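Peer 1: Below are the structure tokens for one structure; questions will follow.
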Amino acid sequence: MRGVIGNERAQALLERALAGDQARHAYLFTGPEGVGKTTTALAFARALLCQRRASGQSDACGECASCRKVASGNHPDLTIIEPLKENGKQKFWITVNQLREAERLATLAPSESDHRVFIIPAMRRIKEGTANTILKTLEEPPPGVTLILIANEAGEALPTIRSRCQPVQFNPIAPDVIARALRERWNVEAAEAERLAGLANGRLGWAVRAHEQPDTARQREEALARIAAMATQAVDERMRVAATLGADNASARAALDLWTLWWRDVTLAANGARRLLTTGEPRRAAERVGPAIGPERARVFLETLLAAEATLDVNANPRLMMENLALDLPTALVARPRGA
Ligand SMILES: [Zn+2]
């Protein structure tokens, strides 16, 4: 599957399925936001639907009518199930009617190829009571049907659904892979590529967006500096920052993403690692804070952050969550530079 970067194990598994003409009826792609799950799902769909893909090959030709229709988002045998828009704004939930319609489409023969592909880019957008609507397709899949369900955490899909899917795990992409892709594919100059890769937290998707919208990277750098500063602040100051970060779900998610990124560096530094993920002042701060806090406390807090990130969608009160994290945050007052 040309054009997909990183996550070689996941790619290899899907390429073998394509080359052997043995695509499964259902896949569950899991992994953090922005590491290429949807891009991979689309590349897989394009290869399945391509009219000119030779047998034994895993690459779509990229030129046939089918490939062009997938690229422009109007292939009749590819259905992407996302929440509907209302007055230009996307709703949060996928409705039961959308799933019923997909279920009905799945029973029809494909109109232009041998396959029908359904992609659900965010399983967390399906309510628990609604999810079972797709069970019938999963239990008795019509020939040629492939469902690709995408989730940040496997827990977003019910066990009854999970057990019927082939799991495919996606991981954050290493900063040097992101930097290289930015240089080679998007013609970003070397220093800028490294800066963006250091801020991306393994998410190529974010790095590409930040390259296209320069303000995005600057804002993220400022937010990262604020979060790094918390580790040396007194508790009332930390609580004040936490309340701002947890103003709503979206801002809490963005803050947690940065917090885990920076805290990974603190954990690496606590363990004596030289190669950190971030660059600039956040990196220097992690180098001071990590050894002062020590490997064990750093690891425990990183796990707390990751757990918080995983439950954010079901947590009704992001502000309370951020304040609790600010309280639990191991601080490194001793790590302040002399004279500060
Ligand atoms: Zn093609």
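Chains: A, B, ... in order of the structure tokens. Residues: from 1 per chain. Ligands: from 1, in order shown.
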Pick out the residues no farther than 8 Å from ligand 1, counting only C-alpha atoms and all ligand atoms, and list them as a list in words.
Peer 2: Arg46, Ala47, Leu49, Cys50, Gln51, Arg52, Arg53, Ala60, Cys61, Gly62, Glu63, Cys64, Ala65, Ser66, Cys67 and Arg68 of chain A
Peer 1: DSSP on the backbone: what in region 104-142 of chain A comes out strand (DSSP E or B), as a list of chain:residue names?
Peer 2: A:Arg116, A:Val117, A:Phe118, A:Ile119, A:Ile120
Peer 1: Next, the residues of the selection above should be written as a compact mmCIF listing (two decimals), in the first residue's frame with C-alpha atoms.
Peer 2:
# COMPACT_ATOMS: atom_id res chain seq x y z
CA ARG A 116 -17.97 -3.55 -0.59
CA VAL A 117 -15.99 -1.70 2.03
CA PHE A 118 -17.37 0.10 5.09
CA ILE A 119 -15.15 2.31 7.21
CA ILE A 120 -16.17 3.68 10.61
Peer 1: Give me the residues near Leu277 (chain A) as a PDB file with C-alpha atoms, in the first residue's frame, where near means some atom within 12 Å (using only C-alpha atoms) and where sequence neighbours in that chain fewer than 6 positions away do not count.
Peer 2:
ATOM      1  CA  PRO A 172       2.905   6.519  17.440  1.00  0.00           C
ATOM      2  CA  ILE A 173       5.425   7.096  14.657  1.00  0.00           C
ATOM      3  CA  ALA A 174       9.049   7.766  15.668  1.00  0.00           C
ATOM      4  CA  PRO A 175      10.109  11.437  15.403  1.00  0.00           C
ATOM      5  CA  ASP A 176      12.884  10.696  12.885  1.00  0.00           C
ATOM      6  CA  ILE A 178       8.065  11.877  10.797  1.00  0.00           C
ATOM      7  CA  ALA A 179      10.927  14.312  10.108  1.00  0.00           C
ATOM      8  CA  GLU A 194      12.768  18.319  13.186  1.00  0.00           C
ATOM      9  CA  ARG A 195      10.905  20.979  15.156  1.00  0.00           C
ATOM     10  CA  LEU A 196       7.496  19.737  13.941  1.00  0.00           C
ATOM     11  CA  ALA A 197       8.439  16.093  14.503  1.00  0.00           C
ATOM     12  CA  GLY A 198       9.418  16.996  18.083  1.00  0.00           C
ATOM     13  CA  LEU A 199       5.999  18.504  18.727  1.00  0.00           C
ATOM     14  CA  ALA A 200       3.932  15.873  16.908  1.00  0.00           C
ATOM     15  CA  ASN A 201       3.804  13.211  19.646  1.00  0.00           C
ATOM     16  CA  GLY A 202       4.083  10.478  17.011  1.00  0.00           C
ATOM     17  CA  LEU A 258       0.955  17.537  25.094  1.00  0.00           C
ATOM     18  CA  THR A 260       1.853  12.877  27.793  1.00  0.00           C
ATOM     19  CA  LEU A 261       4.327  13.968  25.105  1.00  0.00           C
ATOM     20  CA  TRP A 262       6.325  16.045  27.561  1.00  0.00           C
ATOM     21  CA  TRP A 263       6.011  13.581  30.397  1.00  0.00           C
ATOM     22  CA  ARG A 264       7.393  10.823  28.137  1.00  0.00           C
ATOM     23  CA  ASP A 265      10.475  13.007  27.847  1.00  0.00           C
ATOM     24  CA  VAL A 266      10.570  13.479  31.627  1.00  0.00           C
ATOM     25  CA  THR A 267      10.414   9.672  31.993  1.00  0.00           C
ATOM     26  CA  LEU A 268      13.131   9.179  29.379  1.00  0.00           C
ATOM     27  CA  ALA A 269      15.329  11.801  31.067  1.00  0.00           C
ATOM     28  CA  ARG A 283      13.430  19.416  26.193  1.00  0.00           C
ATOM     29  CA  ARG A 284      15.747  21.318  28.534  1.00  0.00           C
ATOM     30  CA  ALA A 286      12.468  17.661  30.864  1.00  0.00           C
ATOM     31  CA  GLU A 287      16.212  17.172  31.304  1.00  0.00           C
TER      32      GLU A 287
END
Peer 1: In Å, with one decimal, what is the gap from CA of Val177 (chain A) to CA of Val4 (chain A)?
Peer 2: 11.9 Å
Peer 1: Quick check for you: according to DSSP on this backbone, which residues of region 43-280 of chain A are classed as helix (DSSP H, G or I)? Reply as a ChimeraX atom specification.
Peer 2: /A:43-49,65-71,96-107,123-125,128-139,154-156,159-162,175-186,190-199,204-212,214-230,235-245,249-270,280
Peer 1: Show which residues sit within 12 Å of Leu105 (chain A), as a list in words. Count only C-alpha atoms, and ignore same-chain residues fewer than 4 positions away.
Peer 2: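 Result of the neighbour search: Pro76, Asp77, Leu78, Thr79, Gln98, Leu99, Arg100, Glu101, Ala109, Pro110, Ser111, His115, Arg116, Val117, Phe118, Ile134, Thr137, Pro141, Pro142 and Val145 of chain A.
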Peer 1: For Leu312 (chain A), work out the shell of residues within 9 Å, counting only C-alpha atoms and skipping chain neighbours fewer than 5 positions away, then give it as a JSON list (two decimals) with C-alpha atoms, in the first residue's frame.
Peer 2:
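As a result, result-v2.json now contains:
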[["chain", "number", "residue", "atom", "x", "y", "z"],
["A", 249, "ASN", "CA", -13.39, 18.36, 26.46],
["A", 252, "ALA", "CA", -8.49, 18.93, 27.83],
["A", 253, "ARG", "CA", -7.74, 16.44, 25.05],
["A", 307, "ALA", "CA", -5.29, 6.45, 31.74],
["A", 317, "ASN", "CA", -15.99, 16.77, 33.99],
["A", 318, "PRO", "CA", -12.74, 17.55, 32.15],
["A", 321, "MET", "CA", -9.94, 15.61, 35.78]]
